[in-house]
$ cat final36.csv   # CSV, C-alpha atoms
chain,number,residue,atom,x,y,z
A,1422,MET,CA,-0.1,-19.1,37.8
A,1423,SER,CA,3.4,-20.5,37.2
A,1424,GLU,CA,5.3,-19.7,34.0
A,1425,ASP,CA,5.0,-23.4,32.9
A,1426,ALA,CA,1.2,-23.3,33.5
A,1427,LYS,CA,1.0,-20.1,31.5
A,1428,SER,CA,2.8,-21.6,28.6
A,1429,ARG,CA,0.2,-24.4,28.5
A,1430,GLN,CA,-2.9,-22.1,29.0
A,1431,LYS,CA,-5.4,-22.4,26.2
A,1432,TYR,CA,-7.9,-19.5,25.7
A,1433,ARG,CA,-11.1,-19.2,23.9
A,1434,LEU,CA,-10.8,-16.2,21.6
A,1435,ALA,CA,-13.2,-14.4,19.2
A,1436,PHE,CA,-12.1,-11.8,16.7
A,1437,LEU,CA,-14.9,-9.4,15.5
A,1438,LEU,CA,-14.5,-7.8,12.1
A,1439,ARG,CA,-16.7,-6.2,9.5
A,1440,ASP,CA,-15.3,-8.5,6.8
A,1441,LEU,CA,-12.0,-9.8,5.5
A,1442,GLY,CA,-11.3,-7.1,2.9
A,1443,GLU,CA,-7.9,-6.2,1.6
A,1444,GLY,CA,-7.0,-3.5,4.1
A,1445,GLY,CA,-3.9,-3.6,6.3
A,1446,ALA,CA,-5.9,-4.0,9.5
A,1447,GLU,CA,-7.7,-7.1,8.1
A,1448,ARG,CA,-4.4,-8.5,6.9
A,1449,SER,CA,-2.8,-8.0,10.3
A,1450,ALA,CA,-5.8,-9.5,12.1
A,1451,LEU,CA,-5.6,-12.5,9.7
A,1452,ARG,CA,-1.9,-13.1,10.6
A,1453,LEU,CA,-2.6,-12.8,14.3
A,1454,PHE,CA,-5.6,-15.1,14.5
A,1455,ASN,CA,-4.0,-17.7,12.2
A,1456,GLY,CA,-0.9,-17.6,14.4
A,1457,LEU,CA,-2.8,-17.9,17.6
A,1458,ALA,CA,-4.8,-20.8,16.2
A,1459,ARG,CA,-1.6,-22.6,15.1
A,1460,ASP,CA,-0.3,-22.0,18.6
A,1461,GLY,CA,-3.2,-24.1,20.0
A,1462,GLN,CA,-5.6,-21.3,21.1
A,1463,ASP,CA,-9.3,-21.8,20.4
A,1464,VAL,CA,-10.1,-19.1,17.8
A,1465,THR,CA,-13.4,-18.0,16.2
A,1466,VAL,CA,-13.7,-15.2,13.7
A,1467,LEU,CA,-17.0,-13.4,13.7
A,1468,LEU,CA,-17.7,-11.4,10.5
A,1469,PHE,CA,-20.6,-9.0,10.0
A,1470,ALA,CA,-20.3,-9.9,6.3
A,1471,LYS,CA,-18.6,-13.2,5.3
A,1472,LYS,CA,-16.8,-11.7,2.3
A,1473,GLY,CA,-13.4,-10.4,1.2
A,1474,PRO,CA,-10.3,-11.7,-0.6
A,1475,LEU,CA,-8.6,-12.8,2.6
A,1476,LEU,CA,-11.2,-15.4,3.4
A,1477,ALA,CA,-9.3,-18.0,1.4
A,1478,ALA,CA,-6.2,-17.4,3.6
A,1479,VAL,CA,-7.9,-18.3,6.9
A,1480,ALA,CA,-6.2,-21.2,8.6
A,1481,PRO,CA,-8.2,-24.4,8.8
A,1482,GLU,CA,-7.9,-24.3,12.6
A,1483,VAL,CA,-10.0,-21.1,12.7
A,1484,ARG,CA,-13.8,-21.2,12.8
A,1485,VAL,CA,-15.5,-18.5,10.8
A,1486,VAL,CA,-19.1,-17.3,11.6
A,1487,ASP,CA,-21.2,-15.1,9.3
A,1488,LEU,CA,-23.2,-12.7,11.5
A,1489,LYS,CA,-25.2,-11.6,8.4
A,1490,GLY,CA,-24.9,-8.0,9.5
A,1491,SER,CA,-26.9,-8.5,12.6
A,1492,PHE,CA,-26.0,-7.3,16.1
A,1493,PHE,CA,-28.6,-9.8,17.5
A,1494,ASN,CA,-26.7,-12.6,15.8
A,1495,LEU,CA,-23.5,-11.3,17.5
A,1496,LEU,CA,-25.2,-11.4,20.9
A,1497,ALA,CA,-26.5,-15.0,20.3
A,1498,CYS,CA,-23.0,-16.1,19.1
A,1499,LEU,CA,-21.2,-14.6,22.1
A,1500,HIS,CA,-23.8,-16.2,24.5
A,1501,SER,CA,-23.2,-19.6,23.0
A,1502,LEU,CA,-19.4,-19.5,22.5
A,1503,ARG,CA,-18.5,-18.7,26.2
A,1504,ILE,CA,-15.3,-17.0,25.2
A,1505,ASP,CA,-12.5,-15.6,27.4
A,1506,PHE,CA,-11.6,-12.7,25.2
A,1507,LEU,CA,-13.3,-10.7,22.5
A,1508,LEU,CA,-10.9,-8.8,20.1
A,1509,PRO,CA,-12.7,-6.3,17.8
A,1510,VAL,CA,-11.0,-4.8,14.8
A,1511,TYR,CA,-12.7,-1.6,13.7
A,1512,THR,CA,-15.8,-2.8,15.6
A,1513,SER,CA,-15.0,-1.6,19.1
A,1514,MET,CA,-18.4,0.1,19.8
A,1515,ARG,CA,-20.4,-3.0,18.9
A,1516,ALA,CA,-18.1,-5.2,20.9
A,1517,LEU,CA,-18.4,-3.0,24.0
A,1518,LEU,CA,-22.2,-2.7,23.6
A,1519,ALA,CA,-22.4,-6.5,23.4
A,1520,LYS,CA,-20.5,-6.7,26.6
A,1521,LEU,CA,-22.8,-4.2,28.2
A,1522,VAL,CA,-26.0,-6.1,27.1
A,1523,LEU,CA,-24.8,-9.6,27.8
A,1524,ARG,CA,-23.1,-9.0,31.2
A,1525,LEU,CA,-21.0,-12.1,30.6
A,1526,PRO,CA,-17.5,-12.5,32.1
A,1527,PHE,CA,-15.5,-12.3,28.8
A,1528,ARG,CA,-13.0,-9.5,28.5
A,1529,VAL,CA,-12.8,-7.0,25.6
A,1530,ILE,CA,-9.4,-6.2,24.2
A,1531,LEU,CA,-9.5,-3.1,22.0
A,1532,SER,CA,-7.1,-2.5,19.1
A,1533,GLN,CA,-6.1,1.1,18.3
A,1534,ARG,CA,-4.8,0.9,14.8
A,1535,ASN,CA,-4.4,4.5,13.8
A,1536,MET,CA,-3.9,8.0,15.2
A,1537,PHE,CA,-7.2,8.7,16.9
A,1538,THR,CA,-7.3,12.4,16.1
A,1539,LEU,CA,-6.0,12.2,12.5
A,1540,ASP,CA,-8.0,9.4,10.7
A,1541,ARG,CA,-11.3,11.3,10.7
A,1542,GLY,CA,-12.6,14.8,10.3
A,1543,PRO,CA,-12.9,17.1,13.4
A,1544,LEU,CA,-16.7,16.6,13.9
A,1545,GLN,CA,-16.5,12.9,13.5
A,1546,THR,CA,-13.5,12.7,15.9
A,1547,ARG,CA,-15.4,14.7,18.5
A,1548,LEU,CA,-18.5,12.5,18.3
A,1549,ARG,CA,-16.3,9.4,18.4
A,1550,PHE,CA,-14.5,10.8,21.4
A,1551,LEU,CA,-17.8,11.2,23.3
A,1552,ARG,CA,-18.8,7.6,22.5
A,1553,CYS,CA,-15.5,6.2,23.4
A,1554,ARG,CA,-15.4,8.1,26.7
A,1555,LEU,CA,-18.6,6.3,27.7
A,1556,LEU,CA,-17.7,2.8,26.6
A,1557,TYR,CA,-13.9,2.5,26.6
A,1558,PRO,CA,-13.7,2.1,30.4
A,1559,MET,CA,-15.5,-1.2,30.0
A,1560,ALA,CA,-12.5,-2.7,28.1
A,1561,SER,CA,-9.9,-4.7,29.9
A,1562,ALA,CA,-7.1,-3.6,27.7
A,1563,CYS,CA,-6.3,-1.6,24.6
A,1564,VAL,CA,-3.5,-2.8,22.2
A,1565,CYS,CA,-1.8,0.0,20.3
A,1566,ILE,CA,0.2,-1.0,17.2
A,1567,SER,CA,3.0,1.6,17.8
A,1568,GLN,CA,4.5,3.7,20.6
A,1569,GLY,CA,3.2,6.8,18.8
A,1570,VAL,CA,-0.4,5.6,18.9
A,1571,ALA,CA,0.0,4.5,22.5
A,1572,GLU,CA,1.3,7.9,23.5
A,1573,GLU,CA,-1.7,9.6,21.9
A,1574,MET,CA,-4.2,7.2,23.5
A,1575,LYS,CA,-2.7,7.9,27.0
A,1576,SER,CA,-2.9,11.7,26.4
A,1577,LEU,CA,-6.6,11.4,25.5
A,1578,GLY,CA,-7.5,9.9,28.9
A,1579,LEU,CA,-10.1,7.5,27.5
A,1580,MET,CA,-9.0,4.7,29.7
A,1581,GLU,CA,-6.4,4.1,32.5
A,1582,PRO,CA,-2.8,4.2,31.2
A,1583,GLU,CA,-2.0,0.8,32.7
A,1584,LYS,CA,-4.6,-0.8,30.4
A,1585,ILE,CA,-2.7,0.4,27.3
A,1586,ARG,CA,-0.1,-1.9,25.8
A,1587,VAL,CA,2.0,-1.7,22.6
A,1588,ILE,CA,2.2,-4.9,20.4
A,1589,TYR,CA,3.5,-4.4,16.9
A,1590,ASN,CA,1.7,-5.9,14.0
A,1591,PRO,CA,2.7,-9.4,12.9
A,1592,VAL,CA,4.3,-9.0,9.4
A,1593,VAL,CA,6.8,-11.8,8.8
A,1594,THR,CA,5.1,-15.1,8.3
A,1595,GLU,CA,5.7,-18.3,6.4
A,1596,GLU,CA,3.0,-17.3,4.0
A,1597,LEU,CA,4.7,-14.0,3.2
A,1598,SER,CA,8.0,-15.7,2.6
A,1599,ALA,CA,6.2,-18.1,0.1
A,1600,GLN,CA,4.2,-15.3,-1.5
A,1601,MET,CA,7.3,-13.2,-2.4
A,1602,GLU,CA,8.6,-16.1,-4.5
A,1603,ALA,CA,5.6,-16.1,-6.8
A,1604,PRO,CA,6.4,-15.4,-10.5
A,1605,LEU,CA,6.0,-11.9,-11.7
A,1606,ASN,CA,5.2,-11.0,-15.3
A,1607,HIS,CA,5.7,-7.3,-15.8
A,1608,PRO,CA,7.5,-5.7,-18.7
A,1609,TRP,CA,9.4,-3.2,-16.6
A,1610,PHE,CA,11.0,-5.9,-14.5
A,1611,GLU,CA,11.7,-8.0,-17.6
A,1612,GLU,CA,13.4,-5.1,-19.3
A,1613,GLY,CA,15.7,-4.5,-16.3
A,1614,ALA,CA,14.2,-1.1,-15.4
A,1615,ARG,CA,14.7,0.1,-11.8
A,1616,VAL,CA,11.3,0.2,-10.3
A,1617,ILE,CA,10.2,2.6,-7.5
A,1618,LEU,CA,7.2,1.0,-5.8
A,1619,GLY,CA,4.3,2.3,-3.8
A,1620,VAL,CA,1.5,0.2,-2.3
A,1621,GLY,CA,-1.7,1.3,-0.7
A,1622,ARG,CA,-5.2,2.7,-1.0
A,1623,LEU,CA,-5.4,5.6,-3.4
A,1624,GLY,CA,-6.7,8.1,-0.8
A,1625,SER,CA,-5.6,11.2,1.0
A,1626,GLN,CA,-3.9,9.5,3.9
A,1627,LYS,CA,-1.4,7.7,1.6
A,1628,ASP,CA,-0.6,11.0,-0.3
A,1629,PHE,CA,0.7,9.3,-3.5
A,1630,ALA,CA,0.5,12.8,-5.1
A,1631,THR,CA,3.7,13.6,-3.2
A,1632,LEU,CA,5.3,10.4,-4.4
A,1633,ILE,CA,4.5,11.2,-8.0
A,1634,ARG,CA,5.8,14.7,-7.8
A,1635,ALA,CA,9.0,13.5,-6.0
A,1636,PHE,CA,9.5,11.0,-8.8
A,1637,GLY,CA,9.0,13.8,-11.3
A,1638,LEU,CA,11.8,15.7,-9.7
A,1639,LEU,CA,14.1,12.7,-9.7
A,1640,SER,CA,13.4,11.1,-13.1
A,1641,PRO,CA,15.1,13.6,-15.4
A,1642,ARG,CA,18.5,12.6,-14.2
A,1643,ARG,CA,17.6,8.9,-13.6
A,1644,PRO,CA,16.1,7.7,-17.0
A,1645,GLU,CA,16.3,4.1,-15.9
A,1646,LEU,CA,13.7,4.6,-13.2
A,1647,ARG,CA,10.0,3.7,-13.4
A,1648,LEU,CA,7.2,4.3,-10.9
A,1649,LEU,CA,4.6,1.7,-10.0
A,1650,ILE,CA,1.8,2.3,-7.5
A,1651,LEU,CA,-0.3,-0.7,-6.6
A,1652,GLY,CA,-3.7,0.0,-5.2
A,1653,GLU,CA,-7.2,1.4,-5.9
A,1654,GLY,CA,-9.2,4.2,-4.4
A,1655,ARG,CA,-11.0,7.6,-4.8
A,1656,GLN,CA,-8.0,9.6,-5.9
A,1657,ARG,CA,-7.2,7.5,-9.0
A,1658,ALA,CA,-8.4,10.2,-11.4
A,1659,MET,CA,-6.4,12.9,-9.6
A,1660,LEU,CA,-3.3,10.9,-9.5
A,1661,GLU,CA,-3.6,10.0,-13.2
A,1662,LYS,CA,-3.9,13.8,-13.9
A,1663,ILE,CA,-0.7,14.5,-12.0
A,1664,LEU,CA,1.1,11.8,-14.0
A,1665,ARG,CA,0.0,13.6,-17.2
A,1666,GLU,CA,1.0,17.0,-15.8
A,1667,GLU,CA,4.4,15.7,-14.9
A,1668,ASN,CA,4.8,14.1,-18.4
A,1669,LEU,CA,5.3,10.7,-16.6
A,1670,GLU,CA,2.6,8.6,-18.4
A,1671,ASP,CA,5.3,6.4,-20.0
A,1672,ARG,CA,7.3,6.0,-16.8
A,1673,GLY,CA,4.6,5.9,-14.2
A,1674,SER,CA,1.7,3.4,-13.8
A,1675,LEU,CA,-1.3,2.8,-11.6
A,1676,PRO,CA,-2.3,-0.8,-12.4
A,1677,GLY,CA,-4.8,-1.2,-9.6
A,1678,TYR,CA,-5.2,-3.5,-6.6
A,1679,VAL,CA,-2.8,-6.5,-6.6
A,1680,PRO,CA,-3.7,-9.3,-4.1
A,1681,ASN,CA,0.0,-10.3,-3.7
A,1682,PRO,CA,2.3,-7.3,-3.8
A,1683,TYR,CA,5.3,-9.1,-2.4
A,1684,PRO,CA,7.0,-10.3,-5.6
A,1685,TYR,CA,7.0,-6.6,-6.6
A,1686,MET,CA,8.6,-5.7,-3.3
A,1687,LYS,CA,11.2,-8.4,-3.7
A,1688,ARG,CA,12.2,-7.1,-7.2
A,1689,ALA,CA,11.8,-3.4,-6.8
A,1690,ALA,CA,14.8,-1.1,-6.5
A,1691,LEU,CA,13.1,1.0,-3.8
A,1692,PHE,CA,9.9,1.0,-1.8
A,1693,VAL,CA,8.5,4.4,-1.0
A,1694,MET,CA,5.6,5.3,1.5
A,1695,THR,CA,4.5,8.9,1.5
A,1696,SER,CA,1.7,8.7,4.1
A,1697,ARG,CA,0.5,11.8,6.0
A,1698,PHE,CA,-0.1,9.6,9.0
A,1699,GLU,CA,-0.2,5.9,9.9
A,1700,GLY,CA,-0.8,3.8,12.9
A,1701,PHE,CA,2.0,1.4,12.1
A,1702,GLY,CA,2.7,1.2,8.4
A,1703,ASN,CA,2.5,-2.5,7.5
A,1704,VAL,CA,3.9,-2.0,4.0
A,1705,VAL,CA,7.1,-0.6,5.3
A,1706,ALA,CA,7.8,-3.7,7.4
A,1707,GLU,CA,6.6,-5.9,4.6
A,1708,ALA,CA,9.1,-4.3,2.2
A,1709,LEU,CA,11.9,-4.9,4.6
A,1710,ALA,CA,10.8,-8.5,4.9
A,1711,CYS,CA,11.2,-8.8,1.1
A,1712,GLY,CA,14.7,-7.3,1.3
A,1713,CYS,CA,13.7,-4.1,-0.4
A,1714,PRO,CA,15.3,-0.7,0.5
A,1715,VAL,CA,12.7,1.7,2.0
A,1716,VAL,CA,12.0,5.5,2.0
A,1717,SER,CA,9.2,6.7,4.2
A,1718,THR,CA,7.8,10.0,5.3
A,1719,ASP,CA,8.5,10.6,9.0
A,1720,CYS,CA,4.8,10.7,9.7
A,1721,LYS,CA,2.8,10.1,12.9
A,1722,SER,CA,3.3,7.2,13.7
A,1723,GLY,CA,5.0,3.9,13.0
A,1724,PRO,CA,7.5,4.3,10.2
A,1725,ALA,CA,10.3,5.8,12.3
A,1726,GLU,CA,9.8,3.0,14.8
A,1727,ILE,CA,10.0,0.4,12.1
A,1728,LEU,CA,13.1,1.9,10.5
A,1729,ASP,CA,14.7,2.6,13.9
A,1730,ASN,CA,14.8,6.4,13.2
A,1731,GLY,CA,16.5,6.0,9.9
A,1732,LYS,CA,18.9,3.2,10.6
A,1733,TYR,CA,17.1,0.8,8.3
A,1734,GLY,CA,15.7,3.2,5.7
A,1735,CYS,CA,15.6,6.9,4.8
A,1736,LEU,CA,13.0,9.2,6.3
A,1737,ALA,CA,11.7,12.3,4.6
A,1738,LYS,CA,9.4,15.2,5.5
A,1739,THR,CA,5.7,14.6,5.2
A,1740,GLY,CA,4.1,16.3,2.1
A,1741,ASP,CA,7.4,17.5,0.8
A,1742,PRO,CA,8.2,16.2,-2.7
A,1743,SER,CA,11.7,17.8,-2.7
A,1744,ASP,CA,12.7,16.1,0.5
A,1745,VAL,CA,11.2,12.7,-0.6
A,1746,ALA,CA,13.2,13.0,-3.9
A,1747,ARG,CA,16.3,13.7,-1.8
A,1748,ALA,CA,15.7,10.6,0.3
A,1749,MET,CA,15.0,8.5,-2.8
A,1750,GLU,CA,18.2,9.5,-4.4
A,1751,GLU,CA,20.1,8.7,-1.2
A,1752,ALA,CA,18.5,5.3,-0.8
A,1753,LEU,CA,19.2,4.4,-4.5
A,1754,GLN,CA,22.8,5.5,-4.2
A,1755,HIS,CA,23.5,3.7,-0.9
A,1756,PRO,CA,21.1,0.7,-0.6
A,1757,LEU,CA,21.3,-1.3,2.5
A,1758,PRO,CA,22.0,-5.1,2.1
A,1759,GLY,CA,18.8,-7.1,1.7
A,1760,GLU,CA,19.7,-9.6,4.5
A,1761,GLU,CA,20.2,-6.7,6.9
A,1762,LEU,CA,16.7,-5.4,6.1
A,1763,LYS,CA,15.2,-8.9,6.5
A,1764,ARG,CA,16.8,-9.3,9.9
A,1765,ARG,CA,15.2,-6.0,11.0
A,1766,ALA,CA,11.8,-7.2,9.7
A,1767,GLY,CA,12.1,-10.3,11.9
A,1768,PHE,CA,11.4,-8.0,14.9
A,1769,PHE,CA,7.8,-7.8,13.5
A,1770,SER,CA,7.2,-11.5,13.2
A,1771,GLU,CA,4.0,-13.5,13.7
A,1772,GLY,CA,5.7,-15.5,16.5
A,1773,ARG,CA,6.6,-12.4,18.4
A,1774,ALA,CA,3.1,-10.9,18.2
A,1775,VAL,CA,1.5,-14.2,19.2
A,1776,GLY,CA,3.8,-14.4,22.2
A,1777,GLU,CA,3.0,-10.8,23.3
A,1778,TYR,CA,-0.8,-11.4,23.0
A,1779,LYS,CA,-0.5,-14.6,25.1
A,1780,ARG,CA,1.4,-12.6,27.8
A,1781,LEU,CA,-1.4,-10.1,27.7
A,1782,PHE,CA,-4.1,-12.8,28.1
A,1783,ASP,CA,-2.1,-14.3,31.0
A,1784,ASP,CA,-1.7,-11.0,32.7
A,1785,LEU,CA,-5.4,-10.3,32.4
A,1786,GLU,CA,-6.3,-13.7,33.7
A,1787,VAL,CA,-4.0,-13.2,36.8
A,1788,SER,CA,-5.4,-9.8,37.5
A,1789,ARG,CA,-8.9,-11.2,37.6
A,1790,GLY,CA,-7.9,-13.5,40.4
A,1791,PRO,CA,-9.3,-16.9,41.3

$ encode --input "final36.csv" --output "C-alpha cells"
Amino acid sequence: MSEDAKSRQKYRLAFLLRDLGEGGAERSALRLFNGLARDGQDVTVLLFAKKGPLLAAVAPEVRVVDLKGSFFNLLACLHSLRIDFLLPVYTSMRALLAKLVLRLPFRVILSQRNMFTLDRGPLQTRLRFLRCRLLYPMASACVCISQGVAEEMKSLGLMEPEKIRVIYNPVVTEELSAQMEAPLNHPWFEEGARVILGVGRLGSQKDFATLIRAFGLLSPRRPELRLLILGEGRQRAMLEKILREENLEDRGSLPGYVPNPYPYMKRAALFVMTSRFEGFGNVVAEALACGCPVVSTDCKSGPAEILDNGKYGCLAKTGDPSDVARAMEEALQHPLPGEELKRRAGFFSEGRAVGEYKRLFDDLEVSRGP
C-alpha cells in the first residue's frame, strides 16, 4: 500500500467501554474516537451501559450503541457491523472472548492504561495474569500509553514484544482550549489567593494525603497559599480528617467532582499530582496545556515522560510530604513560562494520537497481506 493510499484509507472501528463516566481512561477514549471520526474514519462506540457525563461530548459523527449490559448484544452488534478493528477500554477480556466466539476477521487492539502489577491486589493480579496469558495472544496489538507501561508489558511476556506499541494519550484538543476559558466563580481566585490545585479520584492511588501533608509543611511560611482538591471518592472522610489534624480547614478544600477542571488549572498558581503510580497521568499534561506550572511525584509511570525528566516541571519522591513540599516551593519560586508549558503539552495532541493510530491500523492491514 502506497503512502498516498494509506492517507486515504478509511477503517471501520468500534470502541468498547463499560460506560462514559468521568475517569481519565474514558476521557482519553472520547478524545481519540472523536478525533478519528473527525478524521473521516467510521467510528462506533459500544457501551455496556449508555450513561455517564461524557455522553454529551460525543461527536455527532460517532454512532453510540447501548448494549444494555449484555454480552450477547455485543456479539450481535459485532456480527452486523463488520468492523476492521475493535478497541476495548477496560473491557479486554470481553472483546477477546467475542473474537473467540465469532471467529470473524476483525482485529482486536488492546489498550494497557496502567501498570499491570500495581493497579490491583496481589491475588487479583495473579488471577488476571492467568486470564490474560490465555487470551492476550489473540490480540493483534497492544497500545501502551507510556514507555514505562510498555516496558512492564514486555517483561510480563503476555504477548510478542513486536505487538506492543506506545501511543501517548490525546490531551490537547480544541474542546480543552475552549473549556479552559469558561468563567470561574470561586472566592479564593477572586480574592487573589495563590491556589495549589489537585485533581483526581479520592483514592489510594492518587495519595492526596501526601499532598495535604506537604501543603501543611509549606503553608506556615506561605500564608497566601490555598489548597483545592477536585474529585470524589472513598477517601474523602480520611482526607477531611487530615485537613483538621493539620489545622488547614480554612485553607484547604475538597469541593467534590467538577466536570470542567480546566478553568481551575488555567488560574492556579501550581498543579500538584502525588500519585503512587500512573499509566500516563492525563492531568499532568492537561495542566501543562492550561499553562499551569506542575509538580508531580516521580511515580511509575508517565509523569517523568510528560515532564521530560523534570525539564517542564518539578519531580518529587513518591509518598514523601517533605520532598513534595520542597518541589512545590521550588516551582512557586521559579515558575516556567506558560507558553513554554503549552508548547510541551502540544506533544500530546489529539492530532498526533490520531496519526499514530492510523499508522498502527495501516501496519496491521499490511501485515495481514492481500

$ residues_near_point --input "final36.csv" --point "(5.8, 1.6, -13.7)" --cutoff "8 Å" --atoms "only C-alpha atoms" --output "list in words"
Trp1609, Val1616, Ile1617, Arg1647, Leu1648, Leu1649, Ile1650, Asp1671, Arg1672, Gly1673, Ser1674 and Leu1675 of chain A

$ atom_distance --input "final36.csv" --atom1 "CA of Glu1786 in chain A" --atom2 "CA of Val1570 in chain A"
25.0 Å

$ closest_residue --input "final36.csv" --among "A:Phe1769, A:Pro1724, A:Thr1718, A:Arg1780" --to "Asp1744 in chain A" --atoms "all atoms listed in the file"
A:Thr1718

$ closest_residue --input "final36.csv" --among "A:Ala1774, A:Ala1571, A:Ala1470, A:Leu1728" --to "Ala1450 in chain A" --atoms "all atoms listed in the file"
A:Ala1774

$ residues_around --input "final36.csv" --residues "range 1527-1534 of chain A" --least-positions-apart "3" --cutoff "7 Å" --atoms "all atoms listed in the file" --output "list in words"
Ile1504, Asp1505, Phe1506, Leu1507, Leu1508, Pro1509, Val1510, Ser1513, Ala1560, Ser1561, Ala1562, Cys1563, Val1564, Cys1565, Ile1566 and Gly1700 of chain A

$ closest_residue --input "final36.csv" --among "A:Arg1541, A:Lys1471, A:Arg1688, A:Arg1764" --to "Asn1606 in chain A" --atoms "only C-alpha atoms"
A:Arg1688

$ residues_around --input "final36.csv" --residues "range 1548-1556 of chain A" --least-positions-apart "2" --cutoff "12 Å" --atoms "only C-alpha atoms" --output "NGL selection string"
:A and (1512-1521 or 1529 or 1531 or 1533 or 1537-1538 or 1540-1546 or 1558-1561 or 1574 or 1577-1581)

$ write_last_selection --input "final36.csv" --atoms "C-alpha atoms" --output "PDB file, in the coordinates of the input"
ATOM      1  CA  THR A1512     -15.800  -2.800  15.600  1.00  0.00           C
ATOM      2  CA  SER A1513     -15.000  -1.600  19.100  1.00  0.00           C
ATOM      3  CA  MET A1514     -18.400   0.100  19.800  1.00  0.00           C
ATOM      4  CA  ARG A1515     -20.400  -3.000  18.900  1.00  0.00           C
ATOM      5  CA  ALA A1516     -18.100  -5.200  20.900  1.00  0.00           C
ATOM      6  CA  LEU A1517     -18.400  -3.000  24.000  1.00  0.00           C
ATOM      7  CA  LEU A1518     -22.200  -2.700  23.600  1.00  0.00           C
ATOM      8  CA  ALA A1519     -22.400  -6.500  23.400  1.00  0.00           C
ATOM      9  CA  LYS A1520     -20.500  -6.700  26.600  1.00  0.00           C
ATOM     10  CA  LEU A1521     -22.800  -4.200  28.200  1.00  0.00           C
ATOM     11  CA  VAL A1529     -12.800  -7.000  25.600  1.00  0.00           C
ATOM     12  CA  LEU A1531      -9.500  -3.100  22.000  1.00  0.00           C
ATOM     13  CA  GLN A1533      -6.100   1.100  18.300  1.00  0.00           C
ATOM     14  CA  PHE A1537      -7.200   8.700  16.900  1.00  0.00           C
ATOM     15  CA  THR A1538      -7.300  12.400  16.100  1.00  0.00           C
ATOM     16  CA  ASP A1540      -8.000   9.400  10.700  1.00  0.00           C
ATOM     17  CA  ARG A1541     -11.300  11.300  10.700  1.00  0.00           C
ATOM     18  CA  GLY A1542     -12.600  14.800  10.300  1.00  0.00           C
ATOM     19  CA  PRO A1543     -12.900  17.100  13.400  1.00  0.00           C
ATOM     20  CA  LEU A1544     -16.700  16.600  13.900  1.00  0.00           C
ATOM     21  CA  GLN A1545     -16.500  12.900  13.500  1.00  0.00           C
ATOM     22  CA  THR A1546     -13.500  12.700  15.900  1.00  0.00           C
ATOM     23  CA  PRO A1558     -13.700   2.100  30.400  1.00  0.00           C
ATOM     24  CA  MET A1559     -15.500  -1.200  30.000  1.00  0.00           C
ATOM     25  CA  ALA A1560     -12.500  -2.700  28.100  1.00  0.00           C
ATOM     26  CA  SER A1561      -9.900  -4.700  29.900  1.00  0.00           C
ATOM     27  CA  MET A1574      -4.200   7.200  23.500  1.00  0.00           C
ATOM     28  CA  LEU A1577      -6.600  11.400  25.500  1.00  0.00           C
ATOM     29  CA  GLY A1578      -7.500   9.900  28.900  1.00  0.00           C
ATOM     30  CA  LEU A1579     -10.100   7.500  27.500  1.00  0.00           C
ATOM     31  CA  MET A1580      -9.000   4.700  29.700  1.00  0.00           C
ATOM     32  CA  GLU A1581      -6.400   4.100  32.500  1.00  0.00           C
TER      33      GLU A1581
END

$ closest_residue --input "final36.csv" --among "A:Arg1433, A:Lys1472, A:Arg1773, A:Lys1627" --to "Ser1717 in chain A" --atoms "all atoms listed in the file"
A:Lys1627

$ closest_residue --input "final36.csv" --among "A:Asp1628, A:Glu1707, A:Glu1602, A:Glu1667" --to "Pro1684 in chain A" --atoms "only C-alpha atoms"
A:Glu1602

$ axis_aligned_box --input "final36.csv" --around "range 1541-1548 of chain A" --padding-each-side "8 Å" --output "AutoDock Vina command-line options"
--center_x -14.9 --center_y 14.2 --center_z 14.4 --size_x 23.2 --size_y 21.8 --size_z 24.2

$ atom_distance --input "final36.csv" --atom1 "CA of Gln1462 in chain A" --atom2 "CA of Lys1431 in chain A"
5.2 Å
